[in-house]
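Asker: Enclosed is the structure file work.txt (compact mmCIF, C-alpha atoms).
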```
# COMPACT_ATOMS: atom_id res chain seq x y z
CA MET A 29 -25.07 6.38 -24.04
CA GLU A 30 -23.42 3.12 -25.08
CA PHE A 31 -19.77 2.58 -25.82
CA GLU A 32 -17.75 0.04 -27.71
CA LEU A 33 -16.52 -2.72 -25.41
CA ASP A 34 -12.87 -3.68 -25.72
CA SER A 35 -12.93 -7.28 -24.59
CA GLY A 36 -9.13 -7.55 -24.39
CA ASN A 37 -8.73 -4.53 -22.12
CA THR A 38 -11.71 -5.64 -20.03
CA ALA A 39 -10.38 -9.17 -19.59
CA TRP A 40 -6.95 -7.84 -18.62
CA LEU A 41 -8.41 -5.52 -16.00
CA LEU A 42 -10.61 -8.27 -14.53
CA ALA A 43 -7.53 -10.49 -14.25
CA SER A 44 -5.50 -7.62 -12.77
CA ALA A 45 -8.19 -6.89 -10.18
CA SER A 46 -8.11 -10.54 -9.11
CA LEU A 47 -4.32 -10.41 -8.81
CA VAL A 48 -4.47 -7.28 -6.66
CA LEU A 49 -7.15 -8.79 -4.41
CA LEU A 50 -4.84 -11.77 -3.82
CA MET A 51 -2.24 -9.34 -2.48
CA THR A 52 -4.22 -8.75 0.73
CA PRO A 53 -4.22 -12.43 1.80
CA GLY A 54 -0.55 -12.40 0.73
CA LEU A 55 0.01 -9.44 3.03
CA ALA A 56 -1.72 -11.38 5.80
CA PHE A 57 0.89 -14.13 5.48
CA PHE A 58 3.73 -11.60 5.20
CA TYR A 59 2.65 -9.70 8.31
CA GLY A 60 1.44 -12.83 10.12
CA GLY A 61 4.85 -14.46 9.85
CA MET A 62 6.60 -11.33 11.11
CA VAL A 63 4.76 -11.14 14.44
CA ARG A 64 5.14 -13.44 17.43
CA GLY A 65 3.22 -16.71 17.47
CA LYS A 66 0.71 -15.42 20.02
CA SER A 67 -0.39 -12.62 17.65
CA VAL A 68 -0.45 -14.23 14.21
CA LEU A 69 -4.22 -14.74 13.91
CA ASN A 70 -5.04 -11.20 14.97
CA MET A 71 -2.52 -9.86 12.48
CA MET A 72 -4.03 -11.88 9.66
CA MET A 73 -7.56 -10.94 10.72
CA MET A 74 -6.72 -7.25 10.40
CA SER A 75 -5.93 -7.80 6.71
CA PHE A 76 -8.91 -10.05 6.04
CA SER A 77 -11.32 -7.69 7.78
CA ALA A 78 -10.17 -4.90 5.47
CA ILE A 79 -11.52 -6.87 2.51
CA GLY A 80 -14.99 -7.05 4.04
CA VAL A 81 -15.22 -3.54 5.43
CA VAL A 82 -13.62 -1.62 2.58
CA GLY A 83 -15.32 -3.74 -0.05
CA LEU A 84 -18.73 -2.79 1.33
CA ILE A 85 -17.88 0.89 1.72
CA TRP A 86 -16.46 1.06 -1.80
CA VAL A 87 -19.65 -0.34 -3.29
CA LEU A 88 -21.89 1.97 -1.29
CA TYR A 89 -20.14 5.33 -1.58
CA GLY A 90 -16.33 4.98 -1.61
CA TYR A 91 -16.03 4.75 -5.38
CA SER A 92 -18.20 7.86 -5.74
CA LEU A 93 -16.04 9.77 -3.25
CA ALA A 94 -12.97 8.92 -5.30
CA PHE A 95 -14.31 9.03 -8.85
CA GLY A 96 -17.57 10.98 -8.71
CA SER A 97 -17.98 14.44 -10.19
CA ASP A 98 -15.40 16.81 -8.73
CA VAL A 99 -16.29 18.95 -5.70
CA ALA A 100 -13.83 21.86 -5.45
CA GLY A 101 -10.94 19.57 -6.37
CA LEU A 102 -11.19 17.83 -2.98
CA PHE A 103 -13.45 14.79 -3.40
CA GLY A 104 -16.04 13.26 -5.66
CA ASN A 105 -19.79 13.54 -5.22
CA PRO A 106 -20.69 10.55 -3.00
CA ALA A 107 -24.17 10.35 -4.52
CA ASP A 108 -23.04 9.94 -8.12
CA TYR A 109 -22.52 6.18 -8.13
CA PHE A 110 -24.03 5.21 -4.77
CA GLY A 111 -24.41 1.44 -4.64
CA LEU A 112 -22.54 1.14 -7.96
CA THR A 113 -25.71 1.25 -10.01
CA LEU A 114 -23.56 2.03 -13.04
CA ASP A 115 -24.32 1.74 -16.71
CA ASN A 116 -21.63 1.28 -19.31
CA ALA A 117 -21.27 4.99 -19.95
CA ALA A 118 -21.01 6.13 -16.34
CA SER A 119 -17.22 6.17 -16.09
CA PRO A 120 -14.38 7.99 -17.83
CA THR A 121 -12.82 4.58 -18.49
CA THR A 122 -15.22 4.15 -21.39
CA GLY A 123 -12.51 5.75 -23.53
CA VAL A 124 -10.53 2.51 -23.35
CA GLY A 125 -13.55 0.24 -23.70
CA ILE A 126 -13.78 -0.92 -20.07
CA PRO A 127 -17.16 -1.09 -18.31
CA ALA A 128 -17.42 1.19 -15.31
CA LEU A 129 -18.11 -1.71 -12.96
CA VAL A 130 -14.86 -3.40 -13.93
CA PHE A 131 -12.87 -0.25 -13.24
CA ALA A 132 -14.70 0.23 -9.92
CA GLY A 133 -13.80 -3.31 -8.88
CA PHE A 134 -10.16 -2.81 -9.81
CA GLN A 135 -10.00 0.35 -7.72
CA ALA A 136 -11.69 -1.39 -4.78
CA THR A 137 -8.73 -3.75 -4.46
CA PHE A 138 -6.36 -0.78 -4.16
CA ALA A 139 -8.40 0.73 -1.34
CA ILE A 140 -8.51 -2.63 0.46
CA ILE A 141 -4.78 -3.27 0.52
CA THR A 142 -3.94 0.32 1.45
CA VAL A 143 -5.96 -0.04 4.65
CA ALA A 144 -4.47 -3.47 5.34
CA LEU A 145 -0.92 -2.09 4.99
CA ILE A 146 -1.46 0.29 7.92
CA SER A 147 -2.16 -2.59 10.31
CA GLY A 148 1.48 -3.65 10.34
CA ALA A 149 2.47 -0.48 12.21
CA ILE A 150 0.20 -1.26 15.17
CA ALA A 151 0.54 -5.03 15.47
CA ASP A 152 0.11 -6.94 18.75
CA ARG A 153 -1.67 -4.31 20.81
CA VAL A 154 -4.94 -2.84 19.52
CA LYS A 155 -8.61 -3.67 19.95
CA PHE A 156 -10.06 -5.40 16.93
CA GLY A 157 -13.30 -3.42 17.21
CA THR A 158 -11.46 -0.10 17.20
CA TRP A 159 -9.52 -1.24 14.14
CA ILE A 160 -12.80 -1.93 12.32
CA VAL A 161 -14.18 1.52 13.17
CA PHE A 162 -10.88 3.13 12.12
CA THR A 163 -11.05 1.31 8.80
CA ILE A 164 -14.50 2.74 8.05
CA ILE A 165 -13.50 6.29 8.93
CA TRP A 166 -10.06 6.25 7.31
CA VAL A 167 -11.09 4.95 3.91
CA THR A 168 -13.85 7.56 3.85
CA VAL A 169 -11.94 10.60 5.10
CA VAL A 170 -8.39 9.93 3.93
CA TYR A 171 -8.11 7.32 1.19
CA ALA A 172 -11.02 8.22 -1.08
CA PRO A 173 -10.25 11.97 -1.18
CA LEU A 174 -6.55 11.37 -1.92
CA ALA A 175 -7.47 8.91 -4.68
CA HIS A 176 -9.73 11.60 -6.11
CA TRP A 177 -6.91 14.17 -6.05
CA VAL A 178 -4.60 11.92 -8.05
CA TRP A 179 -6.82 9.72 -10.24
CA GLY A 180 -10.33 11.11 -10.02
CA GLY A 181 -9.92 14.55 -11.54
CA GLY A 182 -9.08 16.41 -8.34
CA MET A 183 -6.37 18.92 -7.56
CA PHE A 184 -3.46 16.68 -8.67
CA GLY A 185 -5.18 15.91 -11.98
CA ALA A 186 -4.68 17.33 -15.45
CA ASP A 187 -6.90 20.32 -14.65
CA GLY A 188 -5.63 20.80 -11.10
CA TRP A 189 -3.54 23.60 -9.67
CA LEU A 190 -0.30 21.61 -9.48
CA ALA A 191 -0.37 20.74 -13.16
CA SER A 192 -0.98 24.42 -13.92
CA ALA A 193 1.74 25.69 -11.61
CA LEU A 194 4.44 23.11 -12.44
CA SER A 195 3.60 19.89 -14.22
CA LEU A 196 1.15 17.04 -13.91
CA PRO A 197 2.45 14.87 -11.04
CA ILE A 198 2.93 11.26 -12.07
CA ASP A 199 1.57 8.43 -9.95
CA PHE A 200 1.11 5.52 -12.31
CA ALA A 201 -0.14 2.95 -9.80
CA GLY A 202 -0.19 4.39 -6.28
CA GLY A 203 3.03 5.78 -4.83
CA THR A 204 1.15 8.62 -3.16
CA VAL A 205 -2.36 7.16 -2.95
CA VAL A 206 -1.29 3.79 -1.54
CA HIS A 207 2.22 3.77 -0.11
CA ILE A 208 2.99 7.27 1.13
CA ASN A 209 -0.59 7.37 2.36
CA ALA A 210 -0.35 4.08 4.28
CA GLY A 211 3.15 4.79 5.58
CA ALA A 212 2.23 8.22 6.94
CA ALA A 213 -0.94 6.81 8.49
CA GLY A 214 1.03 3.99 10.10
CA LEU A 215 3.48 6.47 11.62
CA ALA A 216 0.65 8.61 12.98
CA LEU A 217 -1.08 5.65 14.61
CA ALA A 218 2.15 4.25 16.05
CA LEU A 219 2.75 7.60 17.76
CA VAL A 220 -0.84 7.95 19.02
CA ILE A 221 -1.19 4.36 20.28
CA GLY A 222 2.27 3.96 21.77
CA LYS A 223 4.77 1.14 22.03
CA ARG A 224 4.23 -2.54 22.63
CA LYS A 225 5.07 -3.74 26.10
CA GLY A 226 8.75 -4.67 26.08
CA PHE A 227 9.59 -2.82 22.86
CA GLY A 228 13.33 -2.19 22.74
CA ARG A 229 13.96 -4.38 25.80
CA GLU A 230 12.95 -7.88 24.74
CA PRO A 231 13.23 -9.70 21.40
CA MET A 232 10.17 -9.55 19.15
CA ARG A 233 11.36 -11.76 16.34
CA PRO A 234 9.27 -13.10 13.43
CA HIS A 235 7.77 -16.41 14.46
CA ASN A 236 7.42 -17.96 10.99
CA LEU A 237 9.83 -16.90 8.27
CA PRO A 238 8.38 -19.33 5.69
CA PHE A 239 5.08 -17.42 6.10
CA VAL A 240 6.97 -14.18 5.45
CA MET A 241 8.58 -15.58 2.29
CA LEU A 242 5.26 -16.99 1.08
CA GLY A 243 3.58 -13.63 1.68
CA ALA A 244 6.31 -11.78 -0.22
CA ALA A 245 5.94 -14.21 -3.13
CA LEU A 246 2.17 -13.68 -3.27
CA LEU A 247 2.64 -9.92 -3.08
CA TRP A 248 5.15 -9.96 -5.95
CA PHE A 249 2.82 -12.13 -8.05
CA GLY A 250 -0.20 -9.93 -7.37
CA TRP A 251 1.78 -6.75 -7.93
CA PHE A 252 2.00 -7.44 -11.67
CA GLY A 253 -1.73 -6.80 -11.74
CA PHE A 254 -1.27 -3.78 -9.47
CA ASN A 255 1.24 -2.07 -11.77
CA ALA A 256 0.67 -3.44 -15.26
CA GLY A 257 -3.10 -3.37 -14.72
CA SER A 258 -2.97 0.34 -13.94
CA GLU A 259 -2.40 1.04 -17.64
CA LEU A 260 -6.05 -0.06 -18.07
CA ALA A 261 -5.14 -1.60 -21.40
CA ALA A 262 -3.39 -4.68 -22.71
CA ASP A 263 -0.70 -2.75 -24.57
CA GLY A 264 3.00 -1.94 -24.68
CA THR A 265 2.87 0.37 -21.67
CA ALA A 266 1.41 -2.46 -19.60
CA GLY A 267 4.31 -4.60 -20.81
CA ARG A 268 6.79 -1.90 -19.78
CA ALA A 269 5.17 -1.73 -16.32
CA TRP A 270 5.42 -5.54 -16.04
CA ILE A 271 9.13 -5.61 -16.92
CA ASN A 272 9.92 -2.70 -14.60
CA THR A 273 8.08 -4.44 -11.78
CA LEU A 274 10.23 -7.52 -12.31
CA VAL A 275 13.62 -5.84 -12.56
CA ALA A 276 13.23 -3.11 -9.93
CA THR A 277 12.02 -5.63 -7.37
CA GLY A 278 14.83 -8.08 -8.05
CA VAL A 279 17.45 -5.33 -7.79
CA ALA A 280 15.91 -4.01 -4.56
CA MET A 281 16.05 -7.47 -3.01
CA LEU A 282 19.74 -7.82 -3.92
CA ALA A 283 20.49 -4.32 -2.65
CA TRP A 284 18.77 -5.01 0.69
CA LEU A 285 20.71 -8.27 1.08
CA ALA A 286 24.01 -6.55 0.26
CA THR A 287 23.24 -3.82 2.80
CA GLU A 288 22.45 -6.44 5.44
CA LYS A 289 25.61 -8.40 4.69
CA PHE A 290 27.79 -5.31 4.91
CA ARG A 291 26.09 -4.01 8.08
CA ASP A 292 25.30 -7.19 10.02
CA GLY A 293 27.37 -9.94 8.42
CA HIS A 294 24.32 -11.94 7.25
CA ALA A 295 21.98 -11.86 4.27
CA THR A 296 18.68 -13.04 5.74
CA SER A 297 15.43 -14.45 4.40
CA LEU A 298 13.57 -11.66 6.19
CA GLY A 299 15.81 -9.18 4.38
CA ALA A 300 15.09 -10.84 1.02
CA ALA A 301 11.34 -10.66 1.61
CA SER A 302 11.54 -7.07 2.85
CA GLY A 303 13.69 -6.07 -0.11
CA VAL A 304 11.10 -7.52 -2.47
CA VAL A 305 8.37 -5.39 -0.91
CA ALA A 306 10.58 -2.27 -0.88
CA GLY A 307 11.26 -2.63 -4.59
CA LEU A 308 7.60 -3.23 -5.38
CA VAL A 309 6.62 -0.14 -3.42
CA ALA A 310 9.19 2.12 -5.08
CA ILE A 311 8.49 1.09 -8.66
CA THR A 312 4.73 1.41 -8.24
CA PRO A 313 4.37 5.14 -9.08
CA ALA A 314 6.94 4.90 -11.89
CA ALA A 315 6.14 1.52 -13.42
CA GLY A 316 4.85 2.72 -16.78
CA THR A 317 6.85 5.92 -17.03
CA VAL A 318 10.54 4.97 -16.73
CA ASP A 319 12.77 2.80 -18.87
CA THR A 320 14.71 -0.26 -17.74
CA TYR A 321 17.66 1.78 -16.49
CA GLY A 322 15.41 4.02 -14.44
CA ALA A 323 13.75 0.94 -12.93
CA ILE A 324 17.13 -0.53 -11.99
CA VAL A 325 18.20 2.67 -10.23
CA ILE A 326 14.85 2.93 -8.41
CA GLY A 327 15.23 -0.66 -7.22
CA LEU A 328 18.83 -0.09 -6.10
CA VAL A 329 18.12 3.11 -4.18
CA SER A 330 14.96 1.77 -2.54
CA GLY A 331 16.63 -1.46 -1.45
CA ILE A 332 19.47 0.39 0.27
CA LEU A 333 17.47 3.25 1.79
CA CYS A 334 14.60 1.10 3.05
CA ALA A 335 17.04 -1.39 4.61
CA LEU A 336 18.62 1.50 6.49
CA ALA A 337 15.30 3.20 7.30
CA VAL A 338 13.79 0.28 9.20
CA GLY A 339 16.21 1.01 12.03
CA LEU A 340 14.95 4.55 12.49
CA LYS A 341 12.23 3.41 14.88
CA TYR A 342 14.85 2.41 17.44
CA ARG A 343 16.71 5.70 17.04
CA PHE A 344 13.59 7.85 17.36
CA GLY A 345 11.66 5.62 19.74
CA TYR A 346 8.41 4.96 17.85
CA ASP A 347 7.10 1.40 17.60
CA ASP A 348 6.29 0.72 13.96
CA SER A 349 5.91 -2.98 14.56
CA LEU A 350 6.40 -4.35 11.04
CA ASP A 351 8.27 -1.47 9.36
CA VAL A 352 5.42 0.14 7.48
CA VAL A 353 7.23 3.48 7.74
CA GLY A 354 10.63 2.18 6.72
CA VAL A 355 9.33 0.24 3.72
CA HIS A 356 6.14 1.89 2.50
CA LEU A 357 6.63 5.53 3.43
CA VAL A 358 10.32 5.62 2.50
CA GLY A 359 9.86 3.40 -0.54
CA GLY A 360 6.88 5.43 -1.73
CA LEU A 361 8.85 8.64 -1.35
CA VAL A 362 11.83 7.19 -3.21
CA GLY A 363 9.75 6.05 -6.17
CA THR A 364 7.64 9.18 -6.36
CA VAL A 365 10.60 11.57 -6.24
CA LEU A 366 12.87 9.59 -8.58
CA ILE A 367 10.24 9.85 -11.31
CA GLY A 368 11.33 13.47 -11.49
CA PHE A 369 14.76 12.26 -12.60
CA PHE A 370 13.93 9.22 -14.73
CA ALA A 371 10.55 9.76 -16.41
CA THR A 372 11.11 9.30 -20.12
CA ASN A 373 8.47 10.22 -22.68
CA GLY A 374 5.78 8.84 -20.42
CA ARG A 375 2.89 7.69 -22.60
CA TYR A 376 -0.34 8.24 -20.72
CA ASP A 377 -2.75 6.86 -23.28
CA SER A 378 -4.85 5.43 -20.46
CA PHE A 379 -7.64 7.09 -18.55
CA TYR A 380 -5.27 8.61 -16.00
CA PHE A 381 -3.06 10.92 -18.03
CA GLU A 382 -2.56 12.62 -21.36
CA GLY A 383 0.59 14.00 -22.93
CA SER A 384 4.18 13.19 -22.06
CA GLN A 385 6.67 14.39 -19.48
CA ASP A 386 10.41 13.89 -19.12
CA GLY A 387 12.52 13.80 -15.99
CA LEU A 388 15.66 15.79 -15.22
CA PHE A 389 18.03 13.13 -16.59
CA TYR A 390 16.07 12.93 -19.84
CA GLY A 391 16.08 16.61 -20.73
CA GLY A 392 12.95 17.68 -18.91
CA GLY A 393 14.51 20.14 -16.47
CA VAL A 394 13.47 20.43 -12.83
CA THR A 395 9.76 21.09 -13.35
CA GLN A 396 8.67 17.47 -13.13
CA LEU A 397 10.95 16.83 -10.16
CA LEU A 398 9.47 19.76 -8.26
CA SER A 399 5.95 18.59 -9.06
CA GLN A 400 6.76 15.11 -7.73
CA ILE A 401 8.22 16.50 -4.51
CA VAL A 402 5.26 18.81 -3.88
CA ALA A 403 2.75 15.99 -4.48
CA ALA A 404 4.65 13.64 -2.16
CA VAL A 405 4.92 16.17 0.66
CA ILE A 406 1.25 17.14 0.47
CA ALA A 407 0.12 13.50 0.42
CA LEU A 408 2.33 12.72 3.42
CA ALA A 409 1.11 15.70 5.44
CA PHE A 410 -2.55 15.14 4.54
CA SER A 411 -2.50 11.49 5.57
CA PHE A 412 -0.42 12.01 8.73
CA VAL A 413 -2.48 14.89 10.10
CA LEU A 414 -5.92 13.44 9.40
CA THR A 415 -4.92 9.97 10.62
CA ALA A 416 -3.53 11.44 13.83
CA ILE A 417 -6.81 13.29 14.41
CA ILE A 418 -8.84 10.12 13.79
CA GLY A 419 -6.50 8.14 16.04
CA VAL A 420 -6.75 10.63 18.92
CA ILE A 421 -10.56 10.72 18.70
CA LEU A 422 -10.79 6.93 18.78
CA LYS A 423 -8.31 6.79 21.64
CA ALA A 424 -10.50 9.13 23.68
CA THR A 425 -13.74 7.30 22.85
CA LEU A 426 -13.38 3.59 22.08
CA GLY A 427 -9.78 3.25 23.23
CA TRP A 428 -7.05 1.56 21.21
CA ARG A 429 -5.11 -0.65 23.61
CA ILE A 430 -6.04 -4.09 24.82
CA PRO A 431 -5.35 -4.73 28.53
CA GLU A 432 -1.69 -5.20 29.32
CA GLU A 433 -2.18 -8.72 30.64
CA ASN A 434 -3.84 -9.72 27.35
CA GLU A 435 -0.97 -8.23 25.37
CA VAL A 436 1.50 -10.25 27.42
CA ALA A 437 -0.50 -13.48 27.27
CA GLY A 438 -1.33 -13.09 23.59
CA ILE A 439 -3.83 -11.05 21.64
CA ASP A 440 -5.08 -14.05 19.65
CA LEU A 441 -6.57 -15.87 22.63
CA ALA A 442 -7.78 -12.72 24.37
CA VAL A 443 -9.50 -11.12 21.38
CA HIS A 444 -10.43 -14.01 19.10
CA GLY A 445 -10.67 -16.90 21.54
CA GLU A 446 -8.29 -19.10 19.57
CA THR A 447 -4.60 -19.65 18.97
CA ALA A 448 -2.59 -20.59 15.91
CA TYR A 449 -0.34 -23.00 17.80
CA GLU A 450 -0.44 -25.04 20.98
CA THR A 451 2.61 -25.81 23.11
CA ILE A 452 2.64 -29.28 24.63
CA THR A 453 5.31 -30.23 27.14
CA GLN A 454 6.51 -33.82 26.78
CA GLY A 455 9.20 -34.86 29.25
CA THR A 456 12.10 -32.44 29.05
CA GLY A 457 11.24 -31.04 25.63
CA SER A 458 8.35 -29.22 24.07
CA VAL A 459 6.59 -29.74 20.79
CA ILE A 460 4.76 -27.04 18.85
CA ARG A 461 1.81 -28.34 16.90
CA GLU A 462 -1.07 -26.69 15.09
CA VAL A 463 -4.42 -26.52 16.83
CA ARG A 464 -6.93 -28.60 14.95
CA ALA A 465 -10.44 -27.30 15.51
```
Would you mind writing the file out in structure tokens?

Answerer:
Amino acid sequence: MEFELDSGNTAWLLASASLVLLMTPGLAFFYGGMVRGKSVLNMMMMSFSAIGVVGLIWVLYGYSLAFGSDVAGLFGNPADYFGLTLDNAASPTTGVGIPALVFAGFQATFAIITVALISGAIADRVKFGTWIVFTIIWVTVVYAPLAHWVWGGGMFGADGWLASALSLPIDFAGGTVVHINAGAAGLALALVIGKRKGFGREPMRPHNLPFVMLGAALLWFGWFGFNAGSELAADGTAGRAWINTLVATGVAMLAWLATEKFRDGHATSLGAASGVVAGLVAITPAAGTVDTYGAIVIGLVSGILCALAVGLKYRFGYDDSLDVVGVHLVGGLVGTVLIGFFATNGRYDSFYFEGSQDGLFYGGGVTQLLSQIVAAVIALAFSFVLTAIIGVILKATLGWRIPEENEVAGIDLAVHGETAYETITQGTGSVIREVRA
């Protein structure tokens, strides 16, 4: 069966998919600048490898697991679109005039960056081969099923049990599927793998703050495709998502800097970059469903709470190297729950939703808030438990940790046989220069 192509919507989604794909190299710079100089290449390789591994899996069976015909509300039939041999009528996106392959490509970029986000929690200390195997298993067992629950017609969908019991949970662009999912997984792996040598006793400062700022800028740029593209149409709701992504992120950055200044006496470039990411994370699930005032509050709350949350690892003794928990888990929870207060006549004229729902502050009562909380808690528990199981199995079989001497000397040279920088002693000083292959 053919459908009528909407060239405007299709072009917008192709552009959005390209923007979201750029976010993973942007994340590589963001994370790469935050680690020590002896680990930067390995950190960036963990992000880049996610593009290759997840891209292949998504084409073979990942898209089918997420968006195939529903199996008991838990996952899609992996055989439905195996190898993405799709015709134009093989996807529910045909209702907005977008070819199935374009939608599948857009969703592939979400799966890729979700996996890459997890890597920041386990920086500096894991075997690259084990990371690759984890990526294959995790996107299959954790990511694809959760994406199916929320966006693929599973148990969080319009016909699912949560919508029947309370209200349809809102996740416009990935608060549960991407950020709570990645944050909970990062926490689970950090606990299973253990701390870096010297954690809490020696400084582990970012080695290249310009890299961090560049990465944050690329993430912010790409995130307009992430959020506005999730409307699946070039329309007013996409415009609302774009504006909310701008304002919430800017407010979160300012709120993080103000928190830093009050607490530490300095507003730092690392804080600015981290505040940007915190705001982007929090507005993601709400981007097309709140007004400007809701976006401002979400940015303000996420900037403050995430700035405070990044210190929890020292209080509780887990080594989340690059604050995946403090930024993505906390930010994802903030955005997902605050929808229950600020959703205002959400227009879901895209593939994802139908109807409209209002939050508590807009006359909708507590039903939507309760639905948001239940969805967030279930997503967190699902990701944490399954990731912990995967992590323990890999620890007992392949092993996670590189040898201690390699961790001390530098994972880049030990694992990849190369370094990002070379230190040359000249007289009484030392000069850092790039290695030119």

Asker: Would you write out, as JSON lines, a table of all residues in region 175-251 of chain A that have an atom no more than 9 Å from an atom of region 75-97 of chain A, listing for each the closest atom pair and the distance in Å to one decimal, considering all atoms listed in the file and ordering rows by chain and rising residue number?

Answerer:
```
{"residue": "A:Ala175", "atom": "CA", "partner": "A:Ala94", "partner_atom": "CA", "distance": 5.5}
{"residue": "A:His176", "atom": "CA", "partner": "A:Ala94", "partner_atom": "CA", "distance": 4.3}
{"residue": "A:Trp177", "atom": "CA", "partner": "A:Ala94", "partner_atom": "CA", "distance": 8.1}
{"residue": "A:Trp179", "atom": "CA", "partner": "A:Phe95", "partner_atom": "CA", "distance": 7.6}
{"residue": "A:Gly180", "atom": "CA", "partner": "A:Phe95", "partner_atom": "CA", "distance": 4.6}
{"residue": "A:Gly181", "atom": "CA", "partner": "A:Phe95", "partner_atom": "CA", "distance": 7.5}
{"residue": "A:Gly182", "atom": "CA", "partner": "A:Ala94", "partner_atom": "CA", "distance": 9.0}
```

Asker: Could those residues be written to a file, using C-alpha atoms, as an mmCIF file, in the frame of the given file?

Answerer:
```cif
data_model
loop_
_atom_site.group_PDB
_atom_site.id
_atom_site.type_symbol
_atom_site.label_atom_id
_atom_site.label_comp_id
_atom_site.auth_asym_id
_atom_site.auth_seq_id
_atom_site.Cartn_x
_atom_site.Cartn_y
_atom_site.Cartn_z
ATOM 1 C CA ALA A 175 -7.470 8.910 -4.680
ATOM 2 C CA HIS A 176 -9.730 11.600 -6.110
ATOM 3 C CA TRP A 177 -6.910 14.170 -6.050
ATOM 4 C CA TRP A 179 -6.820 9.720 -10.240
ATOM 5 C CA GLY A 180 -10.330 11.110 -10.020
ATOM 6 C CA GLY A 181 -9.920 14.550 -11.540
ATOM 7 C CA GLY A 182 -9.080 16.410 -8.340
#
```

Asker: Pull the closest atom pair for each residue of region 402-431 of chain A that gets at most 10 Å from region 349-364 of chain A, along with the distance in Å to one decimal, counting all atoms listed in the file, ordering rows by chain and then ascending residue number, as a tab-separated table.

Answerer:
```
residue	atom	partner	partner_atom	distance
A:Ala403	CA	A:Thr364	CA	8.6
A:Ala404	CA	A:Leu361	CA	6.6
A:Val405	CA	A:Leu361	CA	8.7
A:Leu408	CA	A:Leu357	CA	8.4
```

Asker: Just want the 7 Å neighbourhood of Asn255 (chain A), counted on only C-alpha atoms, with same-chain residues fewer than 6 positions away dropped. Output as a PyMOL selection string.

Answerer: chain A and resi 201+269-270+312+315

Asker: Smallest atom-to-atom distance to Pro231 (chain A): which of A:Ser297, A:Val63, A:Gly125, A:Ser258, using only C-alpha atoms?

Answerer: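 Of A:Ser297, A:Val63, A:Gly125, A:Ser258, the one nearest Pro231 (chain A) is A:Val63, counting only C-alpha atoms.
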
Asker: Select, from A:Ala107, A:Leu414, A:Met241, A:Leu219, the residue with the minimum atom-to-atom distance to Tyr346 (chain A), counting only C-alpha atoms.

Answerer: A:Leu219

Asker: Take CA of Pro234 (chain A) and CA of Arg64 (chain A) and report the distance between them in Å, one decimal.

Answerer: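 For CA of Pro234 (chain A) relative to CA of Arg64 (chain A), the distance reads 5.8 Å.
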
Asker: I want to know what sits within 10 Å of Ala261 (chain A), based on only C-alpha atoms, with residues of the same chain fewer than 2 positions away left out; could you give that as a list in words?

Answerer: Asp34, Gly36, Asn37, Thr38, Ala39, Trp40, Leu41, Val124, Gly125, Ile126, Ala256, Gly257, Ser258, Glu259, Asp263, Gly264, Thr265, Ala266, Gly267, Asp377, Ser378 and Phe379 of chain A

Asker: Pull C-alpha atoms from the residues just selected and write them as a PDB file, in the frame of the given file.

Answerer:
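Below is the file that was written, out-v1.pdb:
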```pdb
ATOM      1  CA  ASP A  34     -12.870  -3.680 -25.720  1.00  0.00           C
ATOM      2  CA  GLY A  36      -9.130  -7.550 -24.390  1.00  0.00           C
ATOM      3  CA  ASN A  37      -8.730  -4.530 -22.120  1.00  0.00           C
ATOM      4  CA  THR A  38     -11.710  -5.640 -20.030  1.00  0.00           C
ATOM      5  CA  ALA A  39     -10.380  -9.170 -19.590  1.00  0.00           C
ATOM      6  CA  TRP A  40      -6.950  -7.840 -18.620  1.00  0.00           C
ATOM      7  CA  LEU A  41      -8.410  -5.520 -16.000  1.00  0.00           C
ATOM      8  CA  VAL A 124     -10.530   2.510 -23.350  1.00  0.00           C
ATOM      9  CA  GLY A 125     -13.550   0.240 -23.700  1.00  0.00           C
ATOM     10  CA  ILE A 126     -13.780  -0.920 -20.070  1.00  0.00           C
ATOM     11  CA  ALA A 256       0.670  -3.440 -15.260  1.00  0.00           C
ATOM     12  CA  GLY A 257      -3.100  -3.370 -14.720  1.00  0.00           C
ATOM     13  CA  SER A 258      -2.970   0.340 -13.940  1.00  0.00           C
ATOM     14  CA  GLU A 259      -2.400   1.040 -17.640  1.00  0.00           C
ATOM     15  CA  ASP A 263      -0.700  -2.750 -24.570  1.00  0.00           C
ATOM     16  CA  GLY A 264       3.000  -1.940 -24.680  1.00  0.00           C
ATOM     17  CA  THR A 265       2.870   0.370 -21.670  1.00  0.00           C
ATOM     18  CA  ALA A 266       1.410  -2.460 -19.600  1.00  0.00           C
ATOM     19  CA  GLY A 267       4.310  -4.600 -20.810  1.00  0.00           C
ATOM     20  CA  ASP A 377      -2.750   6.860 -23.280  1.00  0.00           C
ATOM     21  CA  SER A 378      -4.850   5.430 -20.460  1.00  0.00           C
ATOM     22  CA  PHE A 379      -7.640   7.090 -18.550  1.00  0.00           C
TER      23      PHE A 379
END
```

Asker: Need the shell around region 148-162 of chain A: protein/DNA/RNA residues with any atom at most 8 Å away, counting all atoms listed in the file. Skip same-chain ones fewer than 6 positions apart. Format as number ranges by chain?

Answerer: A: 59, 63, 67, 70-71, 74, 77-78, 81, 214-215, 217-218, 221, 224, 347-353, 418-419, 422, 426-430, 435, 438-439, 443

Asker: Of the candidates A:Ala132, A:Val275, A:Val309, A:Met281, which one gets nearest to Thr296 (chain A) if we count all atoms listed in the file?

Answerer: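 Closest residue, counting all atoms listed in the file: A:Met281.
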
Asker: I'd like to know which of A:Asn105, A:Thr317, A:Thr277, A:Thr287 is closest to Leu333 (chain A), using only C-alpha atoms.

Answerer: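 Of the candidates, the smallest distance to Leu333 (chain A) is held by A:Thr287.
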